[in-house]
Each structure stands twice: as C-alpha cells, then as structure tokens.
file model-v5.txt (compact mmCIF, N, CA and C atoms)
# COMPACT_ATOMS: atom_id res chain seq x y z
N MET A 1 -22.73 -4.91 3.74
CA MET A 1 -22.24 -4.73 5.09
C MET A 1 -21.49 -3.41 5.24
N PHE A 2 -20.61 -3.11 4.30
CA PHE A 2 -19.85 -1.86 4.34
C PHE A 2 -20.40 -0.92 3.26
N LYS A 3 -21.00 0.18 3.69
CA LYS A 3 -21.56 1.14 2.74
C LYS A 3 -20.52 2.13 2.25
N ARG A 4 -19.60 2.52 3.17
CA ARG A 4 -18.57 3.50 2.82
C ARG A 4 -17.22 2.98 3.31
N ILE A 5 -16.29 2.89 2.36
CA ILE A 5 -14.93 2.47 2.68
C ILE A 5 -14.00 3.66 2.46
N LEU A 6 -13.13 3.89 3.43
CA LEU A 6 -12.13 4.96 3.32
C LEU A 6 -10.76 4.35 3.10
N LEU A 7 -10.07 4.86 2.10
CA LEU A 7 -8.71 4.43 1.80
C LEU A 7 -7.78 5.63 1.90
N PRO A 8 -7.05 5.78 3.01
CA PRO A 8 -6.04 6.85 3.10
C PRO A 8 -4.82 6.46 2.27
N VAL A 9 -4.30 7.38 1.48
CA VAL A 9 -3.16 7.08 0.61
C VAL A 9 -2.08 8.15 0.71
N ASP A 10 -0.82 7.71 0.51
CA ASP A 10 0.29 8.64 0.51
C ASP A 10 1.22 8.42 -0.68
N GLY A 11 0.84 7.52 -1.57
CA GLY A 11 1.67 7.25 -2.74
C GLY A 11 2.66 6.12 -2.53
N SER A 12 2.68 5.52 -1.36
CA SER A 12 3.63 4.46 -1.04
C SER A 12 3.18 3.11 -1.60
N GLU A 13 4.09 2.15 -1.58
CA GLU A 13 3.77 0.78 -2.01
C GLU A 13 2.73 0.18 -1.07
N GLY A 14 2.82 0.48 0.21
CA GLY A 14 1.83 -0.02 1.17
C GLY A 14 0.44 0.49 0.86
N ALA A 15 0.33 1.75 0.48
CA ALA A 15 -0.96 2.33 0.12
C ALA A 15 -1.50 1.69 -1.16
N PHE A 16 -0.61 1.38 -2.09
CA PHE A 16 -1.04 0.75 -3.33
C PHE A 16 -1.57 -0.67 -3.07
N GLU A 17 -0.92 -1.39 -2.17
CA GLU A 17 -1.41 -2.73 -1.81
C GLU A 17 -2.77 -2.63 -1.14
N ALA A 18 -2.95 -1.63 -0.29
CA ALA A 18 -4.24 -1.41 0.35
C ALA A 18 -5.31 -1.05 -0.68
N LEU A 19 -4.92 -0.31 -1.72
CA LEU A 19 -5.84 0.04 -2.80
C LEU A 19 -6.40 -1.20 -3.48
N LYS A 20 -5.55 -2.16 -3.76
CA LYS A 20 -5.99 -3.40 -4.41
C LYS A 20 -7.06 -4.10 -3.56
N VAL A 21 -6.83 -4.16 -2.25
CA VAL A 21 -7.79 -4.79 -1.35
C VAL A 21 -9.08 -3.96 -1.29
N ALA A 22 -8.94 -2.65 -1.22
CA ALA A 22 -10.11 -1.77 -1.13
C ALA A 22 -10.99 -1.90 -2.37
N VAL A 23 -10.38 -2.01 -3.53
CA VAL A 23 -11.15 -2.17 -4.78
C VAL A 23 -11.95 -3.46 -4.73
N GLU A 24 -11.34 -4.54 -4.28
CA GLU A 24 -12.05 -5.82 -4.20
C GLU A 24 -13.17 -5.76 -3.16
N MET A 25 -12.90 -5.18 -2.01
CA MET A 25 -13.93 -5.05 -0.96
C MET A 25 -15.09 -4.19 -1.45
N GLN A 26 -14.77 -3.11 -2.16
CA GLN A 26 -15.79 -2.20 -2.68
C GLN A 26 -16.68 -2.92 -3.67
N LYS A 27 -16.10 -3.75 -4.52
CA LYS A 27 -16.89 -4.48 -5.51
C LYS A 27 -17.76 -5.55 -4.84
N ILE A 28 -17.25 -6.23 -3.84
CA ILE A 28 -18.00 -7.26 -3.13
C ILE A 28 -19.22 -6.68 -2.42
N HIS A 29 -19.02 -5.54 -1.75
CA HIS A 29 -20.07 -4.96 -0.92
C HIS A 29 -20.88 -3.88 -1.62
N GLY A 30 -20.48 -3.49 -2.84
CA GLY A 30 -21.18 -2.40 -3.53
C GLY A 30 -21.05 -1.08 -2.78
N SER A 31 -19.93 -0.90 -2.14
CA SER A 31 -19.68 0.27 -1.30
C SER A 31 -19.26 1.48 -2.10
N GLU A 32 -19.36 2.61 -1.45
CA GLU A 32 -18.74 3.83 -1.96
C GLU A 32 -17.29 3.78 -1.49
N LEU A 33 -16.35 4.10 -2.36
CA LEU A 33 -14.93 4.11 -2.00
C LEU A 33 -14.45 5.55 -1.96
N MET A 34 -13.97 5.95 -0.80
CA MET A 34 -13.47 7.31 -0.61
C MET A 34 -11.96 7.24 -0.43
N ILE A 35 -11.24 7.90 -1.33
CA ILE A 35 -9.78 7.92 -1.27
C ILE A 35 -9.36 9.27 -0.69
N LEU A 36 -8.52 9.21 0.34
CA LEU A 36 -8.11 10.43 1.04
C LEU A 36 -6.60 10.54 1.10
N SER A 37 -6.08 11.66 0.63
CA SER A 37 -4.66 11.96 0.75
C SER A 37 -4.52 13.16 1.68
N VAL A 38 -3.71 13.00 2.71
CA VAL A 38 -3.52 14.05 3.72
C VAL A 38 -2.08 14.56 3.63
N TYR A 39 -1.94 15.87 3.56
CA TYR A 39 -0.59 16.44 3.59
C TYR A 39 -0.46 17.30 4.84
N ARG A 40 0.75 17.34 5.33
CA ARG A 40 1.04 18.08 6.56
C ARG A 40 1.44 19.51 6.20
N HIS A 41 0.91 20.46 6.94
CA HIS A 41 1.23 21.88 6.76
C HIS A 41 2.72 22.09 6.99
N HIS A 42 3.37 22.79 6.08
CA HIS A 42 4.79 23.12 6.18
C HIS A 42 4.90 24.49 6.86
N SER A 43 5.32 24.49 8.10
CA SER A 43 5.34 25.74 8.87
C SER A 43 6.56 26.60 8.56
N LEU A 44 6.48 27.86 8.90
CA LEU A 44 7.61 28.78 8.72
C LEU A 44 8.78 28.34 9.58
N ARG A 45 8.49 27.77 10.73
CA ARG A 45 9.55 27.29 11.62
C ARG A 45 10.35 26.18 10.94
N GLU A 46 9.67 25.25 10.30
CA GLU A 46 10.36 24.18 9.59
C GLU A 46 11.18 24.74 8.44
N ALA A 47 10.64 25.70 7.74
CA ALA A 47 11.36 26.30 6.62
C ALA A 47 12.62 27.00 7.09
N SER A 48 12.55 27.64 8.27
CA SER A 48 13.70 28.38 8.78
C SER A 48 14.79 27.44 9.29
N MET A 49 14.46 26.17 9.58
CA MET A 49 15.44 25.21 10.09
C MET A 49 16.40 24.75 8.99
N SER A 50 15.99 24.84 7.75
CA SER A 50 16.82 24.40 6.65
C SER A 50 17.83 25.48 6.29
N MET A 51 19.10 25.10 6.27
CA MET A 51 20.16 26.07 5.97
C MET A 51 20.34 26.25 4.46
N VAL A 52 20.11 25.19 3.71
CA VAL A 52 20.30 25.26 2.27
C VAL A 52 18.98 24.96 1.58
N ARG A 53 18.50 25.92 0.80
CA ARG A 53 17.24 25.73 0.09
C ARG A 53 17.38 26.22 -1.35
N PRO A 54 18.14 25.50 -2.16
CA PRO A 54 18.24 25.96 -3.55
C PRO A 54 16.91 25.82 -4.27
N ARG A 55 16.49 26.89 -4.87
CA ARG A 55 15.26 26.91 -5.68
C ARG A 55 14.05 26.34 -4.94
N GLU A 56 13.98 26.61 -3.66
CA GLU A 56 12.82 26.14 -2.88
C GLU A 56 11.58 26.84 -3.37
N PRO A 57 10.50 26.13 -3.55
CA PRO A 57 9.26 26.80 -3.97
C PRO A 57 8.83 27.82 -2.92
N GLU A 58 8.26 28.90 -3.38
CA GLU A 58 7.85 29.94 -2.46
C GLU A 58 6.77 29.46 -1.50
N HIS A 59 5.92 28.60 -1.94
CA HIS A 59 4.82 28.12 -1.11
C HIS A 59 4.87 26.59 -1.03
N MET A 60 5.56 26.11 0.00
CA MET A 60 5.73 24.67 0.16
C MET A 60 4.38 23.97 0.31
N ASP A 61 3.43 24.60 0.99
CA ASP A 61 2.10 24.01 1.14
C ASP A 61 1.45 23.74 -0.22
N ASP A 62 1.64 24.66 -1.17
CA ASP A 62 1.07 24.47 -2.50
C ASP A 62 1.67 23.25 -3.18
N LEU A 63 2.97 23.07 -3.02
CA LEU A 63 3.64 21.92 -3.61
C LEU A 63 3.15 20.62 -2.97
N MET A 64 3.01 20.61 -1.65
CA MET A 64 2.55 19.42 -0.95
C MET A 64 1.09 19.11 -1.30
N GLN A 65 0.28 20.14 -1.42
CA GLN A 65 -1.12 19.95 -1.81
C GLN A 65 -1.20 19.39 -3.24
N SER A 66 -0.40 19.91 -4.12
CA SER A 66 -0.39 19.45 -5.50
C SER A 66 0.00 17.97 -5.57
N TYR A 67 1.02 17.57 -4.81
CA TYR A 67 1.44 16.17 -4.79
C TYR A 67 0.29 15.30 -4.27
N SER A 68 -0.36 15.73 -3.21
CA SER A 68 -1.47 14.96 -2.64
C SER A 68 -2.61 14.80 -3.63
N LYS A 69 -2.90 15.85 -4.39
CA LYS A 69 -3.95 15.76 -5.42
C LYS A 69 -3.57 14.75 -6.49
N GLU A 70 -2.31 14.76 -6.90
CA GLU A 70 -1.85 13.81 -7.92
C GLU A 70 -1.97 12.37 -7.41
N VAL A 71 -1.58 12.15 -6.17
CA VAL A 71 -1.65 10.81 -5.58
C VAL A 71 -3.10 10.34 -5.51
N ALA A 72 -3.97 11.18 -4.95
CA ALA A 72 -5.38 10.81 -4.80
C ALA A 72 -6.02 10.52 -6.16
N GLU A 73 -5.74 11.35 -7.13
CA GLU A 73 -6.32 11.17 -8.46
C GLU A 73 -5.79 9.91 -9.14
N SER A 74 -4.51 9.62 -9.01
CA SER A 74 -3.96 8.42 -9.65
C SER A 74 -4.53 7.16 -9.01
N PHE A 75 -4.75 7.16 -7.70
CA PHE A 75 -5.37 6.02 -7.04
C PHE A 75 -6.84 5.88 -7.46
N ARG A 76 -7.52 7.01 -7.62
CA ARG A 76 -8.92 6.97 -8.06
C ARG A 76 -9.02 6.38 -9.47
N LYS A 77 -8.14 6.81 -10.35
CA LYS A 77 -8.14 6.29 -11.72
C LYS A 77 -7.87 4.79 -11.75
N TYR A 78 -6.92 4.34 -10.93
CA TYR A 78 -6.63 2.91 -10.87
C TYR A 78 -7.87 2.14 -10.44
N ALA A 79 -8.54 2.63 -9.41
CA ALA A 79 -9.75 1.95 -8.90
C ALA A 79 -10.80 1.85 -9.99
N ILE A 80 -11.03 2.92 -10.73
CA ILE A 80 -12.03 2.92 -11.79
C ILE A 80 -11.62 1.96 -12.91
N GLU A 81 -10.35 1.98 -13.28
CA GLU A 81 -9.85 1.08 -14.33
C GLU A 81 -10.00 -0.39 -13.93
N HIS A 82 -10.06 -0.66 -12.63
CA HIS A 82 -10.17 -2.04 -12.15
C HIS A 82 -11.57 -2.38 -11.65
N GLY A 83 -12.56 -1.65 -12.16
CA GLY A 83 -13.95 -2.03 -11.96
C GLY A 83 -14.70 -1.35 -10.83
N SER A 84 -14.07 -0.43 -10.14
CA SER A 84 -14.77 0.26 -9.05
C SER A 84 -15.73 1.31 -9.60
N GLN A 85 -16.83 1.46 -8.92
CA GLN A 85 -17.78 2.51 -9.23
C GLN A 85 -18.04 3.27 -7.93
N GLY A 86 -18.44 4.50 -8.03
CA GLY A 86 -18.70 5.28 -6.82
C GLY A 86 -17.43 5.61 -6.07
N VAL A 87 -16.39 5.99 -6.80
CA VAL A 87 -15.10 6.31 -6.20
C VAL A 87 -14.91 7.83 -6.21
N ARG A 88 -14.57 8.37 -5.05
CA ARG A 88 -14.28 9.81 -4.95
C ARG A 88 -12.94 10.01 -4.27
N ALA A 89 -12.22 11.05 -4.66
CA ALA A 89 -10.92 11.37 -4.08
C ALA A 89 -10.99 12.70 -3.35
N PHE A 90 -10.30 12.76 -2.21
CA PHE A 90 -10.29 13.95 -1.36
C PHE A 90 -8.86 14.27 -0.95
N VAL A 91 -8.58 15.55 -0.72
CA VAL A 91 -7.29 16.00 -0.22
C VAL A 91 -7.54 16.90 0.98
N LYS A 92 -6.84 16.62 2.07
CA LYS A 92 -6.98 17.41 3.29
C LYS A 92 -5.59 17.74 3.83
N SER A 93 -5.53 18.80 4.61
CA SER A 93 -4.30 19.20 5.29
C SER A 93 -4.47 18.99 6.78
N GLY A 94 -3.42 18.51 7.43
CA GLY A 94 -3.48 18.36 8.88
C GLY A 94 -2.60 17.23 9.37
N HIS A 95 -2.69 16.96 10.67
CA HIS A 95 -1.99 15.83 11.26
C HIS A 95 -2.61 14.57 10.66
N THR A 96 -1.80 13.73 10.06
CA THR A 96 -2.30 12.65 9.21
C THR A 96 -3.31 11.74 9.89
N ALA A 97 -2.92 11.08 10.98
CA ALA A 97 -3.82 10.11 11.62
C ALA A 97 -5.09 10.79 12.13
N LYS A 98 -4.94 11.93 12.76
CA LYS A 98 -6.10 12.64 13.30
C LYS A 98 -7.05 13.06 12.18
N THR A 99 -6.51 13.54 11.08
CA THR A 99 -7.33 13.97 9.95
C THR A 99 -8.07 12.79 9.33
N ILE A 100 -7.41 11.66 9.23
CA ILE A 100 -8.05 10.45 8.68
C ILE A 100 -9.24 10.06 9.55
N VAL A 101 -9.03 10.00 10.86
CA VAL A 101 -10.09 9.58 11.78
C VAL A 101 -11.24 10.58 11.78
N GLU A 102 -10.94 11.87 11.79
CA GLU A 102 -12.00 12.88 11.75
C GLU A 102 -12.79 12.80 10.45
N PHE A 103 -12.11 12.58 9.34
CA PHE A 103 -12.78 12.44 8.05
C PHE A 103 -13.71 11.23 8.07
N ALA A 104 -13.21 10.12 8.62
CA ALA A 104 -14.01 8.89 8.69
C ALA A 104 -15.27 9.10 9.52
N GLU A 105 -15.15 9.78 10.65
CA GLU A 105 -16.31 10.02 11.51
C GLU A 105 -17.31 10.96 10.83
N LYS A 106 -16.80 12.03 10.25
CA LYS A 106 -17.67 13.02 9.60
C LYS A 106 -18.45 12.41 8.44
N ASN A 107 -17.82 11.48 7.72
CA ASN A 107 -18.43 10.88 6.53
C ASN A 107 -19.06 9.52 6.80
N LYS A 108 -19.19 9.17 8.08
CA LYS A 108 -19.86 7.92 8.48
C LYS A 108 -19.29 6.70 7.75
N VAL A 109 -17.96 6.59 7.78
CA VAL A 109 -17.26 5.49 7.13
C VAL A 109 -17.46 4.21 7.94
N ASP A 110 -17.73 3.10 7.25
CA ASP A 110 -17.94 1.80 7.89
C ASP A 110 -16.64 1.01 8.03
N LEU A 111 -15.65 1.30 7.18
CA LEU A 111 -14.40 0.56 7.19
C LEU A 111 -13.28 1.45 6.65
N ILE A 112 -12.15 1.42 7.35
CA ILE A 112 -10.95 2.11 6.87
C ILE A 112 -9.97 1.01 6.46
N ILE A 113 -9.47 1.11 5.24
CA ILE A 113 -8.44 0.18 4.77
C ILE A 113 -7.18 1.00 4.56
N ILE A 114 -6.10 0.61 5.25
CA ILE A 114 -4.88 1.41 5.24
C ILE A 114 -3.66 0.52 5.10
N GLY A 115 -2.64 1.01 4.41
CA GLY A 115 -1.39 0.28 4.27
C GLY A 115 -0.63 0.26 5.58
N SER A 116 0.08 -0.82 5.83
CA SER A 116 0.81 -0.95 7.09
C SER A 116 2.05 -0.06 7.14
N HIS A 117 2.62 0.23 5.98
CA HIS A 117 3.81 1.08 5.93
C HIS A 117 3.64 2.11 4.83
N GLY A 118 3.85 3.37 5.18
CA GLY A 118 3.73 4.44 4.20
C GLY A 118 5.05 5.12 3.96
N LEU A 119 4.98 6.39 3.66
CA LEU A 119 6.18 7.18 3.38
C LEU A 119 6.70 7.88 4.63
N GLY A 120 6.48 7.29 5.80
CA GLY A 120 6.89 7.90 7.07
C GLY A 120 8.38 8.14 7.15
N ASP A 121 8.77 8.91 8.18
CA ASP A 121 10.17 9.23 8.39
C ASP A 121 10.71 8.48 9.60
N ALA A 122 11.89 8.85 10.08
CA ALA A 122 12.53 8.17 11.20
C ALA A 122 11.69 8.24 12.47
N GLU A 123 10.90 9.30 12.63
CA GLU A 123 10.04 9.45 13.80
C GLU A 123 9.05 8.28 13.91
N THR A 124 8.68 7.73 12.77
CA THR A 124 7.73 6.62 12.73
C THR A 124 8.19 5.46 13.60
N PHE A 125 9.48 5.19 13.57
CA PHE A 125 10.01 4.06 14.33
C PHE A 125 9.94 4.31 15.84
N LEU A 126 9.94 5.55 16.26
CA LEU A 126 9.93 5.89 17.67
C LEU A 126 8.52 6.01 18.25
N VAL A 127 7.60 6.59 17.52
CA VAL A 127 6.26 6.85 18.06
C VAL A 127 5.16 6.07 17.36
N GLY A 128 5.50 5.25 16.41
CA GLY A 128 4.49 4.45 15.72
C GLY A 128 4.05 5.11 14.44
N GLY A 129 3.64 4.29 13.49
CA GLY A 129 3.23 4.79 12.20
C GLY A 129 1.79 5.27 12.19
N VAL A 130 1.42 5.85 11.08
CA VAL A 130 0.07 6.38 10.90
C VAL A 130 -0.97 5.27 11.05
N SER A 131 -0.71 4.12 10.44
CA SER A 131 -1.70 3.03 10.53
C SER A 131 -1.93 2.61 11.98
N GLN A 132 -0.88 2.55 12.75
CA GLN A 132 -1.01 2.19 14.17
C GLN A 132 -1.84 3.23 14.92
N LYS A 133 -1.61 4.49 14.64
CA LYS A 133 -2.37 5.55 15.30
C LYS A 133 -3.83 5.53 14.89
N VAL A 134 -4.10 5.28 13.61
CA VAL A 134 -5.48 5.22 13.13
C VAL A 134 -6.21 4.07 13.82
N VAL A 135 -5.57 2.91 13.91
CA VAL A 135 -6.19 1.77 14.60
C VAL A 135 -6.56 2.14 16.03
N GLY A 136 -5.69 2.86 16.71
CA GLY A 136 -5.94 3.24 18.09
C GLY A 136 -7.02 4.30 18.28
N MET A 137 -7.21 5.16 17.28
CA MET A 137 -8.13 6.29 17.43
C MET A 137 -9.49 6.08 16.76
N ALA A 138 -9.55 5.25 15.73
CA ALA A 138 -10.77 5.13 14.93
C ALA A 138 -11.90 4.42 15.68
N LYS A 139 -13.11 4.87 15.44
CA LYS A 139 -14.30 4.24 15.99
C LYS A 139 -14.81 3.15 15.07
N SER A 140 -14.49 3.25 13.79
CA SER A 140 -14.92 2.23 12.83
C SER A 140 -13.82 1.16 12.70
N PRO A 141 -14.17 0.00 12.15
CA PRO A 141 -13.15 -1.04 11.94
C PRO A 141 -12.06 -0.55 11.00
N VAL A 142 -10.84 -1.03 11.24
CA VAL A 142 -9.69 -0.67 10.41
C VAL A 142 -9.04 -1.97 9.94
N MET A 143 -8.84 -2.07 8.63
CA MET A 143 -8.11 -3.19 8.05
C MET A 143 -6.75 -2.68 7.64
N VAL A 144 -5.69 -3.26 8.23
CA VAL A 144 -4.33 -2.88 7.88
C VAL A 144 -3.80 -3.92 6.92
N VAL A 145 -3.35 -3.43 5.75
CA VAL A 145 -2.86 -4.32 4.70
C VAL A 145 -1.35 -4.23 4.63
call {"tool": "encode", "arguments": {"input": "model-v5.txt", "output": "structure tokens"}}
result
Amino acid sequence: MFKRILLPVDGSEGAFEALKVAVEMQKIHGSELMILSVYRHHSLREASMSMVRPREPEHMDDLMQSYSKEVAESFRKYAIEHGSQGVRAFVKSGHTAKTIVEFAEKNKVDLIIIGSHGLGDAETFLVGGVSQKVVGMAKSPVMVV
C-alpha cells in the first residue's frame, strides 16, 4: 500500500518514537524509507542579534548542516539495525514544514510519519508545531506519532 515512507527527523524523542513506527510500517509494506533532516538557514541578521558569542563558529550553517547529517545518519543506522531495508537519509536546508512537504511531493511519498513534538522553540506554542503545519500542507497522508 505504501511504496515510499518519509520520516522527518530532528533528533528529538518524538522523532525517535516516530522512527520506531516507521521501521515497523516499512517492514510490513516493503516500502522504501526516506529519512529527512531539515536545518534552518542561520542568517546574518540572526547572528547580529546576539550580543555575546564566545567562540562562535565562523559558519553557523556548516555547524547546523553537520548536526543534521549526524541525526539523519544515526536514524538510518537504527532503522537498518532493526531490520529495515531500502533506507536512505537526506539533509535539506529551509523552512522545516515547507521543505518536508516539498520533498514529499517531489519524491512521490505515499505516507509521512512524523513525531508530534520535536526540538521546537517557544514560537511553537504560538503558531503551531512542525507536525501540525505538515498535516495542514501535505497532499499525502500524515501519521503523527
């Protein structure tokens, strides 16, 4: 039924719980499992807002990209260790929910499995979390774990 499953991850406990479900769904349906970690571009404006930056890395985007790669790869390894086959990991930069939905559409994903709570900040409580936005924007079914 599901040929391609997308699992957006951010390293949170919610994403890890979603991973467990995605692995089981992937094994049941013989699906391809696509793990996606999205990092947000760190703008010069944001950098200039911080008054104290001891030993700040010169390229914050590089640091954020590196973290996203580590997260995606660790989730991929877990999936493989727990019996998944056909697992690929991806890293993208952009607005999280929009990037997830665009990735899903471009890759003809049949199901998105996402954690209900991630590593969001205080803004999440005011405008809704990533999972809520993905549910509202996605054309494919979304399972929130």
call {"tool": "residues_near_point", "arguments": {"input": "model-v5.txt", "point": "(-3.4, 16.9, -3.1)", "cutoff": "8 Å", "atoms": "all atoms listed in the file", "output": "PyMOL selection string"}}
result
chain A and resi 37-39+63-73+90-92
call {"tool": "residues_around", "arguments": {"input": "model-v5.txt", "residues": "stretch 95-104 of chain A", "least_positions_apart": "3", "cutoff": "7 Å", "atoms": "all atoms listed in the file", "output": "number ranges by chain"}}
result
A: 6, 8, 38-41, 107-110, 130-131, 133-134, 137-139
call {"tool": "atom_distance", "arguments": {"input": "model-v5.txt", "atom1": "atom CA of A:Ser84", "atom2": "atom CA of A:Gln26"}}
result
6.9 Å
call {"tool": "axis_aligned_box", "arguments": {"input": "model-v5.txt", "around": "stretch 100-103 of chain A", "padding_each_side": "6 Å", "output": "AutoDock Vina command-line options"}}
result
--center_x -10.6 --center_y 11.2 --center_z 9.9 --size_x 18.3 --size_y 15.3 --size_z 15.7
call {"tool": "atom_distance", "arguments": {"input": "model-v5.txt", "atom1": "atom CA of A:Ile35", "atom2": "atom N of A:His59"}}
result
26.0 Å
call {"tool": "closest_residue", "arguments": {"input": "model-v5.txt", "among": "A:Gln85, A:Ile114, A:Leu33, A:Glu105", "to": "A:Gly11", "atoms": "only C-alpha atoms"}}
result
A:Ile114
call {"tool": "closest_residue", "arguments": {"input": "model-v5.txt", "among": "A:Ala89, A:Pro141, A:Gly94, A:Leu36", "to": "A:Leu7", "atoms": "only C-alpha atoms"}}
result
A:Leu36
call {"tool": "atom_distance", "arguments": {"input": "model-v5.txt", "atom1": "atom CA of A:Ala79", "atom2": "atom CA of A:Asp62"}}
result
25.8 Å
call {"tool": "select_by_dssp", "arguments": {"input": "model-v5.txt", "residues": "stretch 58-139 of chain A", "states": "strand (DSSP E)", "output": "ChimeraX atom specification"}}
result
/A:87-93,111-114
call {"tool": "build_atoms", "arguments": {"input": "model-v5.txt", "residues": "stretch 29-42 of chain A", "atoms": "N, CA, C and O atoms", "output": "short mmCIF file (atom, residue, chain, number, x, y, z; two decimals), in the frame of the given file"}}
result
data_model
loop_
_atom_site.label_atom_id
_atom_site.label_comp_id
_atom_site.auth_asym_id
_atom_site.auth_seq_id
_atom_site.Cartn_x
_atom_site.Cartn_y
_atom_site.Cartn_z
N HIS A 29 -19.02 -5.54 -1.75
CA HIS A 29 -20.07 -4.96 -0.92
C HIS A 29 -20.88 -3.88 -1.62
O HIS A 29 -21.85 -3.38 -1.05
N GLY A 30 -20.48 -3.49 -2.84
CA GLY A 30 -21.18 -2.40 -3.53
C GLY A 30 -21.05 -1.08 -2.78
O GLY A 30 -21.96 -0.25 -2.79
N SER A 31 -19.93 -0.90 -2.14
CA SER A 31 -19.68 0.27 -1.30
C SER A 31 -19.26 1.48 -2.10
O SER A 31 -18.80 1.37 -3.24
N GLU A 32 -19.36 2.61 -1.45
CA GLU A 32 -18.74 3.83 -1.96
C GLU A 32 -17.29 3.78 -1.49
O GLU A 32 -17.03 3.44 -0.33
N LEU A 33 -16.35 4.10 -2.36
CA LEU A 33 -14.93 4.11 -2.00
C LEU A 33 -14.45 5.55 -1.96
O LEU A 33 -14.53 6.26 -2.96
N MET A 34 -13.97 5.95 -0.80
CA MET A 34 -13.47 7.31 -0.61
C MET A 34 -11.96 7.24 -0.43
O MET A 34 -11.47 6.59 0.50
N ILE A 35 -11.24 7.90 -1.33
CA ILE A 35 -9.78 7.92 -1.27
C ILE A 35 -9.36 9.27 -0.69
O ILE A 35 -9.78 10.32 -1.17
N LEU A 36 -8.52 9.21 0.34
CA LEU A 36 -8.11 10.43 1.04
C LEU A 36 -6.60 10.54 1.10
O LEU A 36 -5.92 9.62 1.55
N SER A 37 -6.08 11.66 0.63
CA SER A 37 -4.66 11.96 0.75
C SER A 37 -4.52 13.16 1.68
O SER A 37 -5.15 14.20 1.47
N VAL A 38 -3.71 13.00 2.71
CA VAL A 38 -3.52 14.05 3.72
C VAL A 38 -2.08 14.56 3.63
O VAL A 38 -1.14 13.77 3.63
N TYR A 39 -1.94 15.87 3.56
CA TYR A 39 -0.59 16.44 3.59
C TYR A 39 -0.46 17.30 4.84
O TYR A 39 -1.42 17.86 5.35
N ARG A 40 0.75 17.34 5.33
CA ARG A 40 1.04 18.08 6.56
C ARG A 40 1.44 19.51 6.20
O ARG A 40 2.22 19.74 5.28
N HIS A 41 0.91 20.46 6.94
CA HIS A 41 1.23 21.88 6.76
C HIS A 41 2.72 22.09 6.99
O HIS A 41 3.29 21.61 7.96
N HIS A 42 3.37 22.79 6.08
CA HIS A 42 4.79 23.12 6.18
C HIS A 42 4.90 24.49 6.86
O HIS A 42 4.60 25.51 6.26
#
